[in-house]
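What follows is the content of data01.cif (mmCIF, C-alpha atoms).
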```cif
data_protein
loop_
_atom_site.label_atom_id
_atom_site.label_comp_id
_atom_site.auth_asym_id
_atom_site.auth_seq_id
_atom_site.Cartn_x
_atom_site.Cartn_y
_atom_site.Cartn_z
CA MET C 1 -3.38 -33.41 18.56
CA SER C 2 -6.28 -34.04 20.92
CA ASP C 3 -4.31 -35.27 23.91
CA VAL C 4 -3.91 -31.79 25.35
CA PRO C 5 -7.06 -30.63 27.12
CA SER C 6 -6.90 -27.25 25.44
CA ALA C 7 -9.66 -24.70 25.36
CA ARG C 8 -10.31 -24.16 21.61
CA ARG C 9 -6.72 -23.45 20.63
CA PRO C 10 -4.55 -25.96 18.76
CA ALA C 11 -1.72 -27.63 20.68
CA GLY C 12 0.98 -25.96 18.59
CA GLU C 13 -0.17 -22.46 19.57
CA LEU C 14 -0.18 -23.31 23.27
CA GLU C 15 3.26 -24.87 23.03
CA ALA C 16 4.58 -21.71 21.38
CA GLU C 17 3.12 -19.49 24.09
CA VAL C 18 4.54 -21.63 26.89
CA LEU C 19 7.95 -21.76 25.22
CA ALA C 20 7.87 -17.98 24.71
CA ALA C 21 7.10 -17.51 28.40
CA LEU C 22 10.04 -19.72 29.41
CA TRP C 23 12.40 -17.76 27.16
CA SER C 24 11.18 -14.40 28.47
CA ALA C 25 12.17 -15.35 32.01
CA ARG C 26 15.80 -15.54 33.06
CA HIS C 27 15.19 -18.23 35.67
CA PRO C 28 13.63 -21.73 35.72
CA MET C 29 9.81 -21.71 35.85
CA THR C 30 7.34 -24.09 37.45
CA PRO C 31 3.96 -24.66 35.76
CA GLN C 32 2.56 -22.17 38.27
CA ASP C 33 5.09 -19.53 37.22
CA VAL C 34 4.22 -20.13 33.55
CA GLN C 35 0.54 -19.81 34.34
CA ALA C 36 1.15 -16.44 35.98
CA ALA C 37 3.39 -15.27 33.11
CA LEU C 38 0.82 -16.16 30.45
CA GLY C 39 -1.77 -14.12 32.30
CA GLY C 40 -4.45 -16.13 30.58
CA ASP C 41 -7.12 -18.64 31.38
CA LEU C 42 -5.12 -21.86 31.01
CA ALA C 43 -5.36 -24.53 33.70
CA ARG C 44 -2.14 -25.44 35.47
CA THR C 45 -2.60 -29.10 34.51
CA THR C 46 -2.75 -28.08 30.85
CA ILE C 47 0.48 -26.13 31.22
CA ALA C 48 2.14 -29.08 33.03
CA THR C 49 1.13 -31.37 30.15
CA ILE C 50 2.56 -28.97 27.56
CA LEU C 51 5.80 -28.60 29.53
CA ALA C 52 6.15 -32.38 29.78
CA ARG C 53 5.65 -32.65 26.03
CA LEU C 54 8.26 -29.95 25.35
CA HIS C 55 10.62 -31.82 27.68
CA ASP C 56 10.07 -35.05 25.72
CA LYS C 57 11.04 -33.23 22.54
CA GLY C 58 14.19 -31.86 24.15
CA THR C 59 13.02 -28.26 23.70
CA VAL C 60 13.18 -27.60 27.45
CA GLU C 61 15.18 -28.96 30.38
CA ARG C 62 13.86 -29.51 33.87
CA THR C 63 15.07 -29.71 37.46
CA ARG C 64 13.21 -30.71 40.62
CA ALA C 65 11.94 -27.70 42.55
CA GLY C 66 10.20 -29.05 45.62
CA ARG C 67 7.11 -30.97 44.60
CA ALA C 68 7.06 -29.67 41.02
CA TYR C 69 9.55 -29.46 38.16
CA ALA C 70 11.12 -26.17 37.13
CA TYR C 71 11.74 -25.73 33.40
CA THR C 72 14.27 -23.76 31.35
CA PRO C 73 14.52 -23.63 27.56
CA THR C 74 17.30 -25.71 26.06
CA VAL C 75 19.95 -23.39 24.64
CA GLN C 76 21.60 -24.98 21.65
CA ASP C 77 25.27 -24.10 21.52
CA THR C 78 24.99 -22.94 17.96
CA ALA C 79 21.78 -20.94 18.24
CA GLY C 80 23.28 -17.70 19.51
CA LEU C 81 26.08 -17.81 17.00
CA ALA C 82 23.62 -18.62 14.25
CA ALA C 83 21.48 -15.65 15.18
CA ARG C 84 24.40 -13.28 14.92
CA ARG C 85 25.46 -14.79 11.61
CA MET C 86 21.96 -14.37 10.19
CA HIS C 87 21.79 -10.76 11.35
CA THR C 88 25.00 -9.86 9.60
CA GLU C 89 24.30 -11.88 6.45
CA LEU C 90 20.78 -10.57 5.95
CA GLY C 91 21.62 -7.05 6.97
CA ARG C 92 24.57 -6.67 4.67
CA GLU C 93 22.60 -5.70 1.64
CA ALA C 94 20.90 -2.37 2.03
CA ASP C 95 18.16 -3.28 -0.42
CA ARG C 96 17.28 -6.51 1.32
CA SER C 97 14.27 -8.24 -0.14
CA THR C 98 10.97 -7.91 1.66
CA VAL C 99 10.26 -11.61 1.61
CA LEU C 100 10.85 -11.96 5.36
CA ALA C 101 7.98 -9.97 6.85
CA ARG C 102 9.41 -8.46 10.02
CA PHE C 103 7.14 -7.74 12.97
CA VAL C 104 8.26 -4.12 13.27
CA SER C 105 10.16 -1.81 10.99
CA ASP C 106 12.59 0.90 12.00
CA LEU C 107 11.43 4.02 13.77
CA SER C 108 12.39 7.58 13.08
CA THR C 109 12.80 9.94 16.04
CA GLU C 110 9.35 11.39 15.38
CA ASP C 111 7.90 7.88 15.17
CA GLU C 112 9.37 7.02 18.56
CA GLN C 113 7.92 10.11 20.24
CA LEU C 114 4.53 9.55 18.62
CA LEU C 115 4.58 5.89 19.64
CA ARG C 116 5.30 6.73 23.27
CA ALA C 117 2.47 9.24 23.22
CA LEU C 118 0.09 6.67 21.70
CA LEU C 119 1.00 4.04 24.27
CA GLY C 120 0.47 6.69 26.90
CA ASP C 121 3.56 6.07 28.98
CA GLY C 122 7.31 6.09 29.07
CA THR C 123 7.69 2.56 30.35
CA ALA C 124 7.60 0.69 27.09
CA MET J 1 -2.53 -1.60 -33.21
CA ILE J 2 -3.38 1.07 -30.60
CA ALA J 3 -4.70 -1.59 -28.20
CA VAL J 4 -1.24 -3.05 -27.71
CA TRP J 5 0.04 0.18 -26.13
CA ALA J 6 -2.78 0.61 -23.59
CA PRO J 7 -1.55 -2.02 -21.09
CA LEU J 8 1.86 -0.30 -21.09
CA LEU J 9 0.34 3.09 -20.21
CA LEU J 10 -2.56 2.11 -17.93
CA PRO J 11 -0.38 1.26 -14.88
CA PHE J 12 0.54 4.95 -14.56
CA LEU J 13 -3.16 5.70 -14.05
CA ALA J 14 -4.26 2.57 -12.21
CA ALA J 15 -1.48 2.27 -9.60
CA PRO J 16 -2.32 5.57 -7.83
CA LEU J 17 -6.00 4.58 -7.91
CA ALA J 18 -5.22 1.21 -6.31
CA ARG J 19 -3.26 2.97 -3.55
CA ARG J 20 -6.09 5.38 -2.85
CA LEU J 21 -8.67 2.60 -2.77
CA ALA J 22 -6.48 0.41 -0.52
CA ASP J 23 -6.14 3.17 2.07
CA ALA J 24 -9.90 3.21 2.54
CA LEU J 25 -10.46 -0.56 2.57
CA SER J 26 -10.06 -3.10 5.36
CA PRO J 27 -6.46 -4.42 5.50
CA ARG J 28 -7.32 -7.78 3.98
CA ALA J 29 -9.32 -6.27 1.09
CA ALA J 30 -6.58 -3.66 0.62
CA ALA J 31 -3.86 -6.31 0.30
CA TRP J 32 -5.91 -8.28 -2.22
CA THR J 33 -6.71 -5.11 -4.20
CA LEU J 34 -3.06 -4.08 -4.39
CA ALA J 35 -1.74 -7.56 -5.22
CA GLY J 36 -4.56 -8.24 -7.71
CA SER J 37 -4.05 -4.90 -9.48
CA ALA J 38 -0.30 -5.49 -9.61
CA ALA J 39 -0.82 -8.96 -11.11
CA VAL J 40 -3.34 -7.83 -13.76
CA LEU J 41 -1.38 -4.72 -14.78
CA ALA J 42 2.00 -6.50 -14.87
CA GLY J 43 0.46 -9.35 -16.85
CA GLY J 44 -1.02 -6.90 -19.38
CA ALA J 45 2.29 -5.09 -19.79
CA LEU J 46 4.14 -8.38 -20.33
CA CYS J 47 1.59 -9.53 -22.94
CA SER J 48 1.92 -6.22 -24.80
CA LEU J 49 5.69 -6.54 -25.00
CA GLY J 50 5.30 -10.13 -26.17
CA LEU J 51 2.79 -9.14 -28.86
CA LEU J 52 4.96 -6.26 -30.07
CA ALA J 53 7.95 -8.58 -30.33
CA ALA J 54 5.89 -11.23 -32.12
CA ALA J 55 4.52 -8.70 -34.65
CA GLY J 56 8.08 -7.76 -35.59
CA LEU J 57 9.19 -11.38 -35.67
CA LEU J 58 6.67 -12.04 -38.47
CA GLN J 59 8.63 -9.71 -40.75
CA LEU J 60 11.81 -11.77 -40.47
CA PRO J 61 12.04 -13.56 -43.87
CA PRO J 62 12.49 -17.10 -42.41
CA VAL J 63 9.48 -16.67 -40.12
CA ALA J 64 7.36 -15.25 -42.94
CA ALA J 65 8.36 -18.13 -45.20
CA LEU J 66 7.61 -20.69 -42.52
CA GLY J 67 4.14 -19.23 -41.92
CA HIS J 68 3.43 -18.67 -45.63
CA LEU J 69 3.04 -14.94 -44.99
CA SER J 70 3.27 -12.26 -47.64
CA LEU J 71 6.29 -10.23 -46.61
CA PRO J 72 5.54 -7.24 -48.93
CA TRP J 73 2.01 -7.05 -47.53
CA LEU J 74 3.29 -7.20 -43.91
CA THR J 75 5.93 -4.52 -44.51
CA ALA J 76 3.35 -2.25 -46.10
CA ALA J 77 0.74 -2.90 -43.39
CA ALA J 78 3.01 -2.30 -40.40
CA PRO J 79 6.17 -0.45 -41.41
CA SER J 80 7.16 0.45 -37.82
CA ALA J 81 6.68 -3.07 -36.42
CA PRO J 82 10.37 -4.14 -36.64
CA LEU J 83 11.56 -1.12 -34.64
CA ALA J 84 8.90 -1.57 -31.95
CA ALA J 85 9.67 -5.28 -31.87
CA ALA J 86 13.38 -4.67 -31.36
CA VAL J 87 12.67 -2.36 -28.42
CA ALA J 88 10.13 -4.79 -26.98
CA ALA J 89 12.53 -7.72 -27.33
CA LEU J 90 15.27 -5.76 -25.54
CA ALA J 91 12.82 -4.85 -22.78
CA LEU J 92 11.75 -8.49 -22.42
CA ALA J 93 15.37 -9.59 -22.14
CA ALA J 94 16.02 -6.97 -19.45
CA LEU J 95 12.86 -7.97 -17.56
CA THR J 96 13.88 -11.63 -17.62
CA ALA J 97 17.24 -10.69 -16.11
CA LEU J 98 15.49 -8.60 -13.42
CA ALA J 99 13.06 -11.42 -12.61
CA VAL J 100 15.90 -13.89 -12.24
CA ARG J 101 17.77 -11.45 -9.98
CA THR J 102 14.74 -10.86 -7.75
CA ALA J 103 13.96 -14.58 -7.49
CA ARG J 104 17.58 -15.34 -6.62
CA ARG J 105 17.63 -12.65 -3.93
CA HIS J 106 14.47 -14.08 -2.34
CA HIS J 107 15.95 -17.55 -2.48
CA HIS J 108 19.21 -16.33 -0.97
CA ASP J 109 17.47 -14.53 1.92
CA LEU J 110 15.28 -17.51 2.76
CA ARG J 111 18.20 -19.92 2.56
CA THR J 112 20.37 -17.72 4.78
CA ALA J 113 17.62 -17.50 7.36
CA ARG J 114 16.93 -21.25 7.26
CA ALA J 115 20.60 -22.17 7.44
CA ALA J 116 21.09 -19.99 10.51
CA LEU J 117 18.29 -21.61 12.48
CA PRO J 118 18.67 -24.74 14.57
CA ALA J 119 17.62 -27.79 12.56
CA GLU J 120 13.94 -28.61 12.48
CA ASP J 121 12.78 -31.60 14.48
CA THR J 122 12.38 -34.28 11.82
CA ARG J 123 10.35 -36.58 14.03
CA ARG J 124 7.13 -34.75 13.30
CA PRO J 125 4.36 -37.04 12.06
CA PRO J 126 3.29 -36.67 8.42
CA ARG J 127 0.60 -34.07 8.21
CA HIS J 128 -2.72 -34.62 6.54
CA LEU J 129 -3.41 -32.09 3.79
CA LEU J 130 -6.52 -30.73 5.43
CA THR J 131 -5.25 -30.23 8.97
CA PRO J 132 -4.03 -26.70 9.64
CA PRO J 133 -0.24 -26.41 9.56
CA ASP J 134 1.58 -26.38 12.87
CA HIS J 135 3.84 -23.35 12.69
CA ARG J 136 6.69 -23.98 15.11
CA LEU J 137 8.26 -21.27 17.26
CA THR J 138 12.04 -20.94 17.05
CA VAL J 139 13.68 -18.72 19.64
CA LEU J 140 17.09 -17.20 18.96
CA ASP J 141 19.22 -16.62 22.05
CA ASP J 142 19.93 -13.00 21.17
CA GLU J 143 19.35 -9.91 23.29
CA ARG J 144 18.47 -7.77 20.27
CA ALA J 145 14.72 -7.61 19.74
CA ASP J 146 13.60 -9.05 16.41
CA ALA J 147 10.79 -11.21 15.08
CA PHE J 148 9.76 -12.47 11.68
CA ALA J 149 7.82 -15.19 9.89
CA LEU J 150 9.93 -17.63 7.88
CA PRO J 151 7.78 -19.28 5.18
CA GLY J 152 8.05 -23.03 4.75
CA ARG J 153 8.91 -24.84 1.56
CA LEU J 154 5.68 -26.03 0.00
CA HIS J 155 7.23 -28.78 -2.12
CA ARG J 156 8.69 -30.38 1.01
CA GLY J 157 5.45 -30.05 2.95
CA GLU J 158 7.44 -28.03 5.47
CA PRO J 159 5.40 -25.66 7.64
CA GLY J 160 6.58 -22.10 8.18
CA ARG J 161 8.41 -21.09 11.33
CA ILE J 162 7.97 -18.18 13.67
CA VAL J 163 11.38 -16.78 14.57
CA VAL J 164 11.68 -14.54 17.62
CA THR J 165 14.71 -13.45 19.63
CA ALA J 166 14.84 -13.88 23.40
CA GLY J 167 15.32 -10.11 23.61
CA MET J 168 11.96 -9.53 21.92
CA LEU J 169 10.16 -12.01 24.20
CA ARG J 170 11.64 -10.33 27.29
CA ALA J 171 10.40 -6.92 26.14
CA LEU J 172 6.75 -8.05 26.12
CA SER J 173 4.18 -9.22 28.67
CA GLY J 174 2.42 -12.61 28.42
CA PRO J 175 -0.65 -11.38 26.50
CA GLU J 176 1.58 -9.22 24.28
CA ARG J 177 3.71 -12.26 23.44
CA ALA J 178 0.51 -14.10 22.47
CA ALA J 179 -0.37 -11.19 20.16
CA LEU J 180 3.09 -11.26 18.58
CA LEU J 181 2.85 -15.03 17.95
CA ALA J 182 -0.68 -14.67 16.52
CA HIS J 183 0.56 -11.88 14.22
CA GLU J 184 3.41 -13.98 12.82
CA ARG J 185 1.13 -17.01 12.51
CA ALA J 186 -1.29 -14.87 10.47
CA HIS J 187 1.55 -14.01 8.05
CA LEU J 188 2.30 -17.72 7.59
CA THR J 189 -1.28 -19.01 7.26
CA GLY J 190 -2.14 -16.12 4.92
CA ARG J 191 1.03 -16.89 2.89
CA HIS J 192 1.77 -13.16 2.88
CA HIS J 193 5.28 -13.70 1.52
CA LEU J 194 3.69 -14.68 -1.81
CA PHE J 195 1.91 -11.28 -1.96
CA LEU J 196 5.24 -9.55 -1.31
CA ALA J 197 7.10 -11.63 -3.89
CA LEU J 198 4.38 -10.95 -6.47
CA ALA J 199 4.57 -7.20 -5.81
CA GLU J 200 8.36 -7.23 -6.23
CA HIS J 201 8.13 -9.07 -9.54
CA ALA J 202 5.37 -6.72 -10.75
CA ALA J 203 7.56 -3.74 -9.79
CA ASP J 204 10.33 -5.22 -11.93
CA ILE J 205 7.98 -5.46 -14.91
CA HIS J 206 6.55 -1.94 -14.86
CA PRO J 207 8.06 1.10 -13.07
CA ALA J 208 4.62 2.49 -12.18
CA LEU J 209 3.94 -0.62 -10.10
CA ARG J 210 6.87 0.11 -7.77
CA GLN J 211 4.67 2.42 -5.72
CA LEU J 212 2.45 -0.55 -4.76
CA ARG J 213 5.14 -2.38 -2.74
CA THR J 214 5.27 -0.18 0.36
CA PRO J 215 1.48 0.10 0.78
CA LEU J 216 1.13 -3.64 0.25
CA GLY J 217 3.72 -4.31 2.97
CA TYR J 218 1.86 -1.96 5.31
CA HIS J 219 -1.56 -3.49 4.66
CA LEU J 220 -0.20 -7.03 5.15
CA GLU J 221 1.13 -5.97 8.57
CA ARG J 222 -2.26 -4.40 9.36
CA TRP J 223 -3.99 -7.61 8.20
CA ALA J 224 -1.84 -9.69 10.57
CA ASP J 225 -2.41 -7.11 13.35
CA GLU J 226 -6.19 -7.43 12.94
CA VAL J 227 -6.02 -11.25 12.96
CA ALA J 228 -3.87 -11.10 16.11
CA ALA J 229 -6.27 -8.66 17.79
CA ALA J 230 -9.20 -10.96 17.04
CA ARG J 231 -7.20 -13.95 18.26
CA VAL J 232 -6.19 -12.50 21.62
CA GLY J 233 -9.50 -10.67 21.85
CA ASP J 234 -7.93 -7.38 22.87
CA ARG J 235 -7.04 -4.54 20.49
CA THR J 236 -5.17 -2.53 23.14
CA VAL J 237 -2.91 -5.46 24.07
CA THR J 238 -2.13 -5.99 20.38
CA ALA J 239 -1.39 -2.27 19.94
CA ARG J 240 0.95 -2.37 22.94
CA ALA J 241 2.67 -5.47 21.56
CA VAL J 242 3.42 -3.72 18.25
CA GLY J 243 4.47 -0.48 19.91
CA ARG J 244 6.67 -1.99 22.60
CA ALA J 245 8.26 -4.39 20.10
CA ALA J 246 9.19 -1.46 17.86
CA LEU J 247 10.62 0.52 20.78
CA ALA J 248 12.58 -2.52 21.98
CA ALA J 249 13.95 -3.15 18.48
CA ASN J 250 14.89 0.51 18.26
CA ARG J 251 16.58 0.64 21.67
CA ALA J 252 19.60 -1.40 20.67
CA PRO J 253 19.94 -0.83 16.95
CA SER J 254 22.10 -3.57 15.57
CA PRO J 255 24.46 -2.83 12.69
CA ALA J 256 22.11 -5.01 10.66
CA ARG J 257 19.38 -2.38 10.86
CA PRO J 258 20.33 0.72 8.93
CA LYS J 259 18.92 3.65 10.88
CA LEU J 260 16.27 5.60 9.04
CA ALA J 261 17.05 9.22 8.57
CA ALA J 262 14.67 11.29 10.69
CA ALA J 263 11.65 11.48 8.42
CA ALA J 264 8.98 14.13 8.52
CA HIS J 265 6.22 11.67 7.70
CA THR J 266 4.63 9.21 10.06
CA GLY J 267 6.20 5.78 9.78
CA PRO J 268 4.20 2.55 9.51
CA VAL J 269 4.47 1.45 13.15
CA PRO J 270 2.71 4.45 14.76
CA ARG J 271 -0.01 4.17 12.11
CA ARG J 272 -0.51 0.50 12.95
CA VAL J 273 -0.68 1.23 16.68
CA ALA J 274 -3.11 4.10 16.14
CA ALA J 275 -5.31 1.89 13.94
CA LEU J 276 -5.40 -0.82 16.63
CA LEU J 277 -6.31 1.70 19.32
CA GLN J 278 -9.42 2.56 17.33
CA PRO J 279 -12.45 0.27 16.95
CA ARG J 280 -12.32 -2.37 14.25
CA PRO J 281 -12.24 -0.57 10.90
CA THR J 282 -15.17 -0.65 8.55
CA ALA J 283 -14.87 0.48 4.96
CA THR J 284 -16.55 3.76 4.07
CA ARG J 285 -18.28 2.43 1.00
CA THR J 286 -20.05 5.38 -0.61
CA ARG J 287 -17.02 7.65 -0.96
CA LEU J 288 -15.03 4.77 -2.37
CA ARG J 289 -17.29 4.01 -5.25
CA PRO J 290 -15.81 6.41 -7.88
CA VAL J 291 -12.23 5.29 -7.13
CA ALA J 292 -13.21 1.62 -7.13
CA LEU J 293 -15.06 2.02 -10.43
CA ALA J 294 -12.15 3.88 -12.02
CA LEU J 295 -9.70 1.16 -10.91
CA ALA J 296 -12.02 -1.60 -12.16
CA ALA J 297 -12.32 0.22 -15.48
CA CYS J 298 -8.52 0.45 -15.79
CA LEU J 299 -8.06 -3.26 -15.05
CA ALA J 300 -10.86 -4.23 -17.46
CA LEU J 301 -9.44 -1.94 -20.13
CA SER J 302 -5.97 -3.46 -19.73
CA THR J 303 -7.37 -6.98 -20.07
CA ALA J 304 -9.64 -6.06 -22.99
CA ALA J 305 -6.79 -4.27 -24.75
CA THR J 306 -4.59 -7.36 -24.38
CA LEU J 307 -7.30 -9.55 -25.87
CA GLU J 308 -7.93 -7.07 -28.69
CA ALA J 309 -4.21 -6.79 -29.46
CA THR J 310 -3.95 -10.59 -29.55
CA ALA J 311 -6.93 -10.80 -31.91
CA ASP J 312 -5.39 -8.04 -34.00
CA LEU J 313 -2.14 -9.96 -34.37
CA HIS J 314 -4.11 -13.05 -35.30
CA ARG J 315 -5.99 -11.09 -37.99
CA THR J 316 -2.71 -9.72 -39.32
CA VAL J 317 -1.30 -13.24 -39.67
CA GLU J 318 -4.44 -14.45 -41.46
CA ALA J 319 -4.46 -11.48 -43.83
CA ALA J 320 -0.76 -11.94 -44.62
CA GLN J 321 -1.34 -15.63 -45.34
CA HIS J 322 -4.31 -14.79 -47.55
CA ASN J 323 -2.28 -12.24 -49.54
CA ASP J 324 0.63 -14.66 -49.84
CA GLY J 325 -1.71 -17.18 -51.47
CA HIS J 326 -2.93 -14.54 -53.97
CA VAL J 327 0.60 -13.67 -55.00
CA GLU J 328 1.48 -17.31 -55.67
CA ARG J 329 -1.60 -17.89 -57.80
#
```
Represent the supplied structure as structure tokens.
Amino acid sequence: MSDVPSARRPAGELEAEVLAALWSARHPMTPQDVQAALGGDLARTTIATILARLHDKGTVERTRAGRAYAYTPTVQDTAGLAARRMHTELGREADRSTVLARFVSDLSTEDEQLLRALLGDGTA
Amino acid sequence: MIAVWAPLLLPFLAAPLARRLADALSPRAAAWTLAGSAAVLAGGALCSLGLLAAAGLLQLPPVAALGHLSLPWLTAAAPSAPLAAAVAALALAALTALAVRTARRHHHDLRTARAALPAEDTRRPPRHLLTPPDHRLTVLDDERADAFALPGRLHRGEPGRIVVTAGMLRALSGPERAALLAHERAHLTGRHHLFLALAEHAADIHPALRQLRTPLGYHLERWADEVAAARVGDRTVTARAVGRAALAANRAPSPARPKLAAAAHTGPVPRRVAALLQPRPTATRTRLRPVALALAACLALSTAATLEATADLHRTVEAAQHNDGHVER
């Protein structure tokens, strides 16, 4: 746990953020790219350590990009299929149980307009 | 015998009070108030049904004989007990069926979600009980925006998982992604799915408790929003994360998400965003006091009535035994 020189946050949280950043990009990322994408205060060496750890676990793949490595998330063949299967299976019942707390619920048309007004732009 | 009916009627009064109180409390206190009220009121209602059924059971000749109870005395003392007991027994049977159905639906949903995910890495070292759980992120390679917290299985020592689609991650900026992850992590560390499961079971037990489910769901989301805002140290970023996630999820509605009919009321997401755009909420204590006292009185009354009804049944049994002895002598 203590082998990552993290500032306060546990290693698992940092790993999740780095992995999320890799997935949000559609191209391989160097530690520098990840640092920019996180927009936070993490040192590049910290990010490089986390990426190396994720690579050891097989969660990400890497290719040489000049002096550094560039990383992409490992796409498991079954993951996309599995996602679609879960969507259809869980969505089939209209009165689905609430046990899976979803991040956001559905929006009505009024909700959407209000939300755009609250966020103060039309970019979101 | 009046005490036994109070826990069956009090939820109609207490549930609206709990909702009103929750709306004025901080999200965490609100969630505990709603879940606690649901638990106490559902428990009281269940006990009442059990006591009613038991009181009628005593008048069955084999039971009376087994307990050395005077059947003539019992029939004279509580002539309507068998009818009430029959109704209560039917209700208990129906509630058991409902509880089994709800539990099976939860189990089915969790199993479907787990089965669809790529297998967990089994090489993780055994975790010490006191270290905080390491909630792993699982990304689904799907363009549709979705995110949820998948609770772990306690008996296997399995931590929960944060499940997010690639589409959701692409819709958010770096700090917003951090807010989303912190929000889902808050659901898992707070074990919010247990609150939701409790509320569903309570709603099965008493119809008046159904109205607690939606507010509880809302306040649990608000609770996780507040934890996330404190974690990333920026309320506006957290508000944007919630808002943009909802808009992204709405942009490509999958067949899995039944579209809401255009509603005239404000949905939960704009309320959450608006709450995050305001300073950290503080409870307005003075105006709450009458509602809080009324709710506390209802919960105390329900508990006291259950205890009194239990004592009453006990006294009935003792009196029936006493009278049985007199008849024999």
### Task
Determine the nearest neighbour of C:Val18 from the options C:Thr63, C:Thr72, C:Gln113, C:Ser108, counting only C-alpha atoms.
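Of C:Thr63, C:Thr72, C:Gln113, C:Ser108, the one nearest C:Val18 is C:Thr72, counting only C-alpha atoms.
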### Nearest candidate to chain C (options J:Asp204, J:Glu221, J:Glu318, J:Glu158; using all atoms listed in the file)
J:Glu221
### Query
What lies within 12 Å of C:Tyr71 using only C-alpha atoms, ignoring chain neighbours under 6 positions off, as number ranges by chain?
C: 18-19, 21-23, 25-34, 47-48, 50-55, 58-65
Report as a CSV table (one decimal) with C-alpha atoms, in the frame of the given file all protein, DNA and RNA residues lying within 9 Å of J:Arg20, evaluated on all atoms listed in the file, omitting residues in the same chain fewer than 5 positions from it.
```csv
chain,number,residue,atom,x,y,z
J,15,ALA,CA,-1.5,2.3,-9.6
J,288,LEU,CA,-15.0,4.8,-2.4
J,291,VAL,CA,-12.2,5.3,-7.1
```
### Query
For this file, the PyMOL selection byres ((chain J and resi 151) around 7) selects which residues, as a list of chain:residue names?
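Applying the PyMOL selection byres ((chain J and resi 151) around 7) to the structure shown produces J:Ala149, J:Leu150, J:Gly152, J:Arg153, J:Gly160, J:Arg161, J:Leu188.
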Take the residues from that selection and write them out as a PDB file, in the coordinates of the input, keeping C-alpha atoms.
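Final output, out-v7.pdb:
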```
ATOM      1  CA  ALA J 149       7.820 -15.190   9.890  1.00  0.00           C
ATOM      2  CA  LEU J 150       9.930 -17.630   7.880  1.00  0.00           C
ATOM      3  CA  GLY J 152       8.050 -23.030   4.750  1.00  0.00           C
ATOM      4  CA  ARG J 153       8.910 -24.840   1.560  1.00  0.00           C
ATOM      5  CA  GLY J 160       6.580 -22.100   8.180  1.00  0.00           C
ATOM      6  CA  ARG J 161       8.410 -21.090  11.330  1.00  0.00           C
ATOM      7  CA  LEU J 188       2.300 -17.720   7.590  1.00  0.00           C
TER       8      LEU J 188
END
```
Expanded to explicit residues, what is the PyMOL selection byres ((chain C and resi 112) around 10) for this file, as a compact mmCIF listing (two decimals) with C-alpha atoms, in the frame of the given file?
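Saved result, expr-v9.txt, follows:
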```
# COMPACT_ATOMS: atom_id res chain seq x y z
CA ASP C 106 12.59 0.90 12.00
CA LEU C 107 11.43 4.02 13.77
CA SER C 108 12.39 7.58 13.08
CA THR C 109 12.80 9.94 16.04
CA GLU C 110 9.35 11.39 15.38
CA ASP C 111 7.90 7.88 15.17
CA GLN C 113 7.92 10.11 20.24
CA LEU C 114 4.53 9.55 18.62
CA LEU C 115 4.58 5.89 19.64
CA ARG C 116 5.30 6.73 23.27
CA ALA C 117 2.47 9.24 23.22
CA LEU C 118 0.09 6.67 21.70
CA GLY J 243 4.47 -0.48 19.91
CA ALA J 246 9.19 -1.46 17.86
CA LEU J 247 10.62 0.52 20.78
CA ASN J 250 14.89 0.51 18.26
CA THR J 266 4.63 9.21 10.06
CA GLY J 267 6.20 5.78 9.78
CA VAL J 269 4.47 1.45 13.15
CA PRO J 270 2.71 4.45 14.76
```
### Message
I need the residue nearest chain C from this list: J:Ser80, J:Ser37, J:Ser48, J:Ser173. Use all atoms listed in the file for the distance.
### Response
J:Ser173
Incomplete stretch 10-17 of chain J brought to N, CA and C atoms, written out as an mmCIF file, keeping the file's coordinate frame:
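Here's the written file part_30.cif:
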```
data_model
loop_
_atom_site.group_PDB
_atom_site.id
_atom_site.type_symbol
_atom_site.label_atom_id
_atom_site.label_comp_id
_atom_site.auth_asym_id
_atom_site.auth_seq_id
_atom_site.Cartn_x
_atom_site.Cartn_y
_atom_site.Cartn_z
ATOM 1 N N LEU J 10 -1.544 2.116 -18.983
ATOM 2 C CA LEU J 10 -2.560 2.110 -17.930
ATOM 3 C C LEU J 10 -1.996 2.016 -16.506
ATOM 4 N N PRO J 11 -0.885 1.306 -16.266
ATOM 5 C CA PRO J 11 -0.380 1.260 -14.880
ATOM 6 C C PRO J 11 -0.116 2.635 -14.273
ATOM 7 N N PHE J 12 0.290 3.613 -15.096
ATOM 8 C CA PHE J 12 0.540 4.950 -14.560
ATOM 9 C C PHE J 12 -0.716 5.548 -13.965
ATOM 10 N N LEU J 13 -1.876 5.186 -14.538
ATOM 11 C CA LEU J 13 -3.160 5.700 -14.050
ATOM 12 C C LEU J 13 -3.710 4.818 -12.937
ATOM 13 N N ALA J 14 -3.589 3.508 -13.118
ATOM 14 C CA ALA J 14 -4.260 2.570 -12.210
ATOM 15 C C ALA J 14 -3.546 2.428 -10.873
ATOM 16 N N ALA J 15 -2.206 2.491 -10.858
ATOM 17 C CA ALA J 15 -1.480 2.270 -9.600
ATOM 18 C C ALA J 15 -1.847 3.308 -8.523
ATOM 19 N N PRO J 16 -1.894 4.616 -8.869
ATOM 20 C CA PRO J 16 -2.320 5.570 -7.830
ATOM 21 C C PRO J 16 -3.760 5.324 -7.361
ATOM 22 N N LEU J 17 -4.617 4.886 -8.298
ATOM 23 C CA LEU J 17 -6.000 4.580 -7.910
ATOM 24 C C LEU J 17 -6.040 3.428 -6.918
#
```
